[in-house]
Amino acid sequence: MRATAERVRGRGIGIVVGSAIAGGWAIYAARVLAPGSVATPIGAVTVAACLIAGGISVIRGSRRLAAPDAGQHAASKRSWRLFWLNFVGEIVVLNLAVWLLGRLGGLGYLVPIISIVVGLHFLPMARFFNNPAFTWTAALMIAVALVVIMALHAAPDSRAVGLEAAANALILWGTAATGWLAMRRTLAEPEIFSR
(Lines give C-alpha, C1' and ligand atoms only; values in the text may rest on other atoms or scores of the structure.)
Protein backbone atom coordinates (compact mmCIF):
# COMPACT_ATOMS: atom_id res chain seq x y z
CA MET A 1 0.00 0.00 0.00
CA ARG A 2 1.33 3.45 -0.98
CA ALA A 3 2.36 5.56 2.00
CA THR A 4 0.14 8.59 2.47
CA ALA A 5 0.13 11.35 5.04
CA GLU A 6 -2.86 9.73 6.79
CA ARG A 7 -1.30 6.28 6.98
CA VAL A 8 2.09 7.47 8.22
CA ARG A 9 0.53 9.89 10.70
CA GLY A 10 -1.53 7.00 12.08
CA ARG A 11 1.63 4.95 12.58
CA GLY A 12 3.23 7.92 14.34
CA ILE A 13 0.27 8.18 16.69
CA GLY A 14 0.59 4.47 17.43
CA ILE A 15 4.29 4.88 18.24
CA VAL A 16 3.54 7.73 20.65
CA VAL A 17 0.68 5.95 22.42
CA GLY A 18 2.44 2.57 22.59
CA SER A 19 5.62 4.14 23.96
CA ALA A 20 3.72 6.00 26.67
CA ILE A 21 1.80 2.87 27.73
CA ALA A 22 5.08 0.93 27.79
CA GLY A 23 6.49 3.63 30.07
CA GLY A 24 3.58 3.02 32.45
CA TRP A 25 4.29 -0.71 32.46
CA ALA A 26 7.99 -0.04 33.12
CA ILE A 27 7.26 2.30 36.03
CA TYR A 28 4.89 -0.27 37.52
CA ALA A 29 7.58 -2.95 37.13
CA ALA A 30 10.11 -0.69 38.84
CA ARG A 31 7.76 -0.13 41.79
CA VAL A 32 7.34 -3.90 42.22
CA LEU A 33 10.89 -5.06 41.51
CA ALA A 34 12.97 -2.12 42.79
CA PRO A 35 10.72 -0.10 45.10
CA GLY A 36 13.49 2.15 46.42
CA SER A 37 15.12 2.84 43.07
CA VAL A 38 14.97 6.29 41.51
CA ALA A 39 17.18 5.46 38.53
CA THR A 40 14.89 2.73 37.18
CA PRO A 41 11.77 4.91 36.79
CA ILE A 42 13.92 7.73 35.39
CA GLY A 43 15.34 5.27 32.84
CA ALA A 44 11.82 4.15 31.93
CA VAL A 45 10.67 7.73 31.43
CA THR A 46 13.77 8.46 29.33
CA VAL A 47 13.21 5.49 27.00
CA ALA A 48 9.52 6.35 26.66
CA ALA A 49 10.34 10.01 25.97
CA CYS A 50 12.87 9.11 23.26
CA LEU A 51 10.39 6.85 21.47
CA ILE A 52 7.59 9.39 21.89
CA ALA A 53 9.87 11.96 20.26
CA GLY A 54 10.45 9.49 17.42
CA GLY A 55 6.70 9.08 16.98
CA ILE A 56 6.23 12.85 16.93
CA SER A 57 8.93 13.12 14.26
CA VAL A 58 6.98 10.60 12.17
CA ILE A 59 3.78 12.61 12.59
CA ARG A 60 5.61 15.79 11.53
CA GLY A 61 7.24 14.00 8.60
CA SER A 62 3.84 12.78 7.42
CA ARG A 63 2.92 16.36 6.51
CA ARG A 64 5.31 16.14 3.55
CA LEU A 65 3.66 13.08 2.06
CA ALA A 66 1.14 12.76 -0.72
CA ALA A 67 -2.48 13.12 0.27
CA PRO A 68 -4.52 9.92 0.00
CA ASP A 69 -6.85 9.39 -2.92
CA ALA A 70 -10.56 8.85 -2.22
CA GLY A 71 -10.22 5.08 -1.89
CA GLN A 72 -7.27 5.30 0.50
CA HIS A 73 -9.06 7.94 2.57
CA ALA A 74 -12.14 5.71 2.84
CA ALA A 75 -9.96 2.73 3.84
CA SER A 76 -8.23 4.85 6.48
CA LYS A 77 -11.57 5.98 7.93
CA ARG A 78 -12.73 2.37 8.04
CA SER A 79 -9.54 1.30 9.85
CA TRP A 80 -10.02 3.99 12.49
CA ARG A 81 -13.68 3.04 13.00
CA LEU A 82 -12.57 -0.55 13.53
CA PHE A 83 -9.86 0.68 15.92
CA TRP A 84 -12.41 2.48 18.10
CA LEU A 85 -14.76 -0.51 18.09
CA ASN A 86 -11.83 -2.73 19.06
CA PHE A 87 -10.80 -0.30 21.80
CA VAL A 88 -14.31 -0.13 23.28
CA GLY A 89 -14.50 -3.93 23.19
CA GLU A 90 -11.15 -4.14 24.99
CA ILE A 91 -12.36 -1.79 27.75
CA VAL A 92 -15.60 -3.77 28.18
CA VAL A 93 -13.69 -7.07 28.41
CA LEU A 94 -11.17 -5.58 30.87
CA ASN A 95 -13.97 -4.34 33.13
CA LEU A 96 -15.69 -7.72 32.99
CA ALA A 97 -12.38 -9.43 33.82
CA VAL A 98 -11.82 -7.18 36.85
CA TRP A 99 -15.36 -7.81 38.06
CA LEU A 100 -15.11 -11.56 37.54
CA LEU A 101 -11.68 -11.87 39.17
CA GLY A 102 -12.93 -9.82 42.12
CA ARG A 103 -15.95 -12.11 42.52
CA LEU A 104 -13.76 -15.22 42.33
CA GLY A 105 -11.03 -13.90 44.62
CA GLY A 106 -8.50 -14.01 41.80
CA LEU A 107 -7.26 -10.42 41.69
CA GLY A 108 -3.71 -11.75 42.04
CA TYR A 109 -4.07 -12.79 38.39
CA LEU A 110 -5.21 -9.34 37.27
CA VAL A 111 -1.98 -8.23 35.57
CA PRO A 112 -1.61 -11.33 33.39
CA ILE A 113 -5.31 -11.20 32.48
CA ILE A 114 -4.91 -7.54 31.48
CA SER A 115 -1.92 -8.56 29.37
CA ILE A 116 -3.91 -11.27 27.61
CA VAL A 117 -6.78 -8.90 26.82
CA VAL A 118 -4.40 -6.19 25.60
CA GLY A 119 -2.47 -8.76 23.59
CA LEU A 120 -5.67 -10.03 21.98
CA HIS A 121 -6.68 -6.52 20.98
CA PHE A 122 -3.54 -6.30 18.80
CA LEU A 123 -4.66 -9.23 16.62
CA PRO A 124 -7.48 -7.44 14.75
CA MET A 125 -5.31 -4.30 14.63
CA ALA A 126 -2.65 -6.26 12.76
CA ARG A 127 -5.23 -6.89 10.07
CA PHE A 128 -7.13 -3.61 9.78
CA PHE A 129 -4.01 -1.45 10.12
CA ASN A 130 -2.06 -3.83 7.84
CA ASN A 131 0.72 -4.08 10.42
CA PRO A 132 1.96 -7.68 10.83
CA ALA A 133 4.25 -6.62 13.71
CA PHE A 134 1.16 -6.37 15.90
CA THR A 135 0.72 -10.14 15.58
CA TRP A 136 4.10 -10.61 17.24
CA THR A 137 3.21 -8.06 19.90
CA ALA A 138 0.04 -10.01 20.68
CA ALA A 139 1.77 -13.40 20.69
CA LEU A 140 4.58 -12.25 22.99
CA MET A 141 2.29 -10.49 25.48
CA ILE A 142 -0.05 -13.48 25.66
CA ALA A 143 2.82 -16.00 25.96
CA VAL A 144 4.44 -14.07 28.82
CA ALA A 145 1.07 -13.74 30.58
CA LEU A 146 0.42 -17.48 30.35
CA VAL A 147 3.84 -18.24 31.82
CA VAL A 148 3.16 -15.82 34.68
CA ILE A 149 -0.28 -17.36 35.32
CA MET A 150 1.40 -20.78 35.65
CA ALA A 151 4.07 -19.31 37.94
CA LEU A 152 1.45 -17.60 40.13
CA HIS A 153 -0.55 -20.81 40.31
CA ALA A 154 2.54 -22.67 41.52
CA ALA A 155 3.65 -20.01 44.01
CA PRO A 156 2.07 -16.54 44.30
CA ASP A 157 4.87 -13.97 44.07
CA SER A 158 4.59 -10.30 43.15
CA ARG A 159 7.99 -10.47 41.45
CA ALA A 160 6.47 -12.59 38.67
CA VAL A 161 3.94 -9.83 38.03
CA GLY A 162 6.73 -7.24 38.11
CA LEU A 163 8.73 -9.22 35.57
CA GLU A 164 5.66 -9.50 33.37
CA ALA A 165 5.15 -5.73 33.53
CA ALA A 166 8.81 -5.26 32.55
CA ALA A 167 8.37 -7.72 29.66
CA ASN A 168 5.25 -5.86 28.49
CA ALA A 169 7.21 -2.60 28.50
CA LEU A 170 9.99 -4.15 26.42
CA ILE A 171 7.52 -5.74 23.99
CA LEU A 172 5.64 -2.48 23.44
CA TRP A 173 8.85 -0.45 23.17
CA GLY A 174 10.16 -2.99 20.67
CA THR A 175 6.97 -2.63 18.63
CA ALA A 176 7.24 1.16 18.78
CA ALA A 177 10.94 1.12 17.85
CA THR A 178 10.44 -1.18 14.86
CA GLY A 179 7.50 0.97 13.73
CA TRP A 180 9.60 4.11 14.06
CA LEU A 181 12.45 2.59 12.05
CA ALA A 182 10.04 1.44 9.33
CA MET A 183 8.48 4.89 9.12
CA ARG A 184 11.92 6.53 8.95
CA ARG A 185 12.66 4.37 5.91
CA THR A 186 9.28 5.28 4.42
CA LEU A 187 9.88 8.98 4.98
CA ALA A 188 13.28 8.68 3.28
CA GLU A 189 11.77 7.43 -0.01
CA PRO A 190 11.57 10.46 -2.31
CA GLU A 191 8.95 9.05 -4.69
CA ILE A 192 6.23 9.04 -1.99
CA PHE A 193 6.31 12.80 -1.45
CA SER A 194 3.72 15.07 -2.95
CA ARG A 195 4.99 17.23 -5.75
# chains A, B, ... in the order shown; residues from 1 in each chain; ligands from 1

call {"tool": "closest_atom_pairs", "arguments": {"of": "segment 53-126 of chain A", "to": "segment 23-46 of chain A", "cutoff": "12 Å", "atoms": "only C-alpha atoms", "output": "CSV"}}
result
residue,atom,partner,partner_atom,distance
A:Ala53,CA,A:Thr46,CA,10.5
A:Val111,CA,A:Trp25,CA,10.3
A:Ile114,CA,A:Trp25,CA,11.5
A:Ser115,CA,A:Trp25,CA,10.5

call {"tool": "write_last_selection", "arguments": {"atoms": "N, CA and C atoms", "output": "JSON list (two decimals), in the first residue's frame"}}
result
[["chain", "number", "residue", "atom", "x", "y", "z"],
["A", 53, "ALA", "N", 9.29, 10.96, 21.17],
["A", 53, "ALA", "CA", 9.87, 11.96, 20.26],
["A", 53, "ALA", "C", 10.00, 11.41, 18.84],
["A", 111, "VAL", "N", -2.95, -8.73, 36.55],
["A", 111, "VAL", "CA", -1.98, -8.23, 35.57],
["A", 111, "VAL", "C", -1.84, -9.17, 34.37],
["A", 114, "ILE", "N", -4.96, -8.80, 32.24],
["A", 114, "ILE", "CA", -4.91, -7.54, 31.48],
["A", 114, "ILE", "C", -4.00, -7.71, 30.27],
["A", 115, "SER", "N", -2.87, -8.35, 30.47],
["A", 115, "SER", "CA", -1.92, -8.56, 29.37],
["A", 115, "SER", "C", -2.51, -9.41, 28.26]]

call {"tool": "select_by_dssp", "arguments": {"residues": "chain A", "states": "helix (DSSP H, G or I)", "output": "ChimeraX atom specification"}}
result
/A:5-33,39-62,70-104,107-128,133-154,158-187,190-192

call {"tool": "closest_atom_pairs", "arguments": {"of": "segment 79-169 of chain A", "to": "segment 173-180 of chain A", "cutoff": "8 Å", "atoms": "only C-alpha atoms", "output": "CSV"}}
result
residue,atom,partner,partner_atom,distance
A:Ala133,CA,A:Thr175,CA,6.9
A:Phe134,CA,A:Thr175,CA,7.4
A:Thr137,CA,A:Thr175,CA,6.7
A:Ala169,CA,A:Trp173,CA,6.0

call {"tool": "closest_atom_pairs", "arguments": {"of": "segment 44-107 of chain A", "to": "segment 5-11 of chain A", "cutoff": "8 Å", "atoms": "only C-alpha atoms", "output": "CSV"}}
result
residue,atom,partner,partner_atom,distance
A:Gly55,CA,A:Arg11,CA,7.9
A:Val58,CA,A:Arg9,CA,6.7
A:Ile59,CA,A:Arg9,CA,4.6
A:Arg60,CA,A:Arg9,CA,7.8
A:Ser62,CA,A:Ala5,CA,4.6
A:Arg63,CA,A:Ala5,CA,5.9
A:Arg64,CA,A:Ala5,CA,7.2
A:Leu65,CA,A:Ala5,CA,4.9
A:Ala66,CA,A:Ala5,CA,6.0
A:Ala67,CA,A:Ala5,CA,5.7
A:Pro68,CA,A:Glu6,CA,7.0
A:His73,CA,A:Glu6,CA,7.7
A:Ser76,CA,A:Arg7,CA,7.1

call {"tool": "atom_distance", "arguments": {"atom1": "atom CA of Asp157 of chain A", "atom2": "atom CA of Thr135 of chain A"}}
result
29.0 Å

call {"tool": "closest_residue", "arguments": {"among": "A:Met125, A:Ala70, A:Ile171, A:Leu104", "to": "Trp84 of chain A", "atoms": "only C-alpha atoms"}}
result
A:Met125

call {"tool": "closest_residue", "arguments": {"among": "A:Lys77, A:Asn86, A:Gly61, A:Ile52", "to": "Leu187 of chain A", "atoms": "only C-alpha atoms"}}
result
A:Gly61

call {"tool": "closest_residue", "arguments": {"among": "A:Ile21, A:Ala151, A:Leu172, A:Ala49", "to": "Gly108 of chain A", "atoms": "only C-alpha atoms"}}
result
A:Ala151
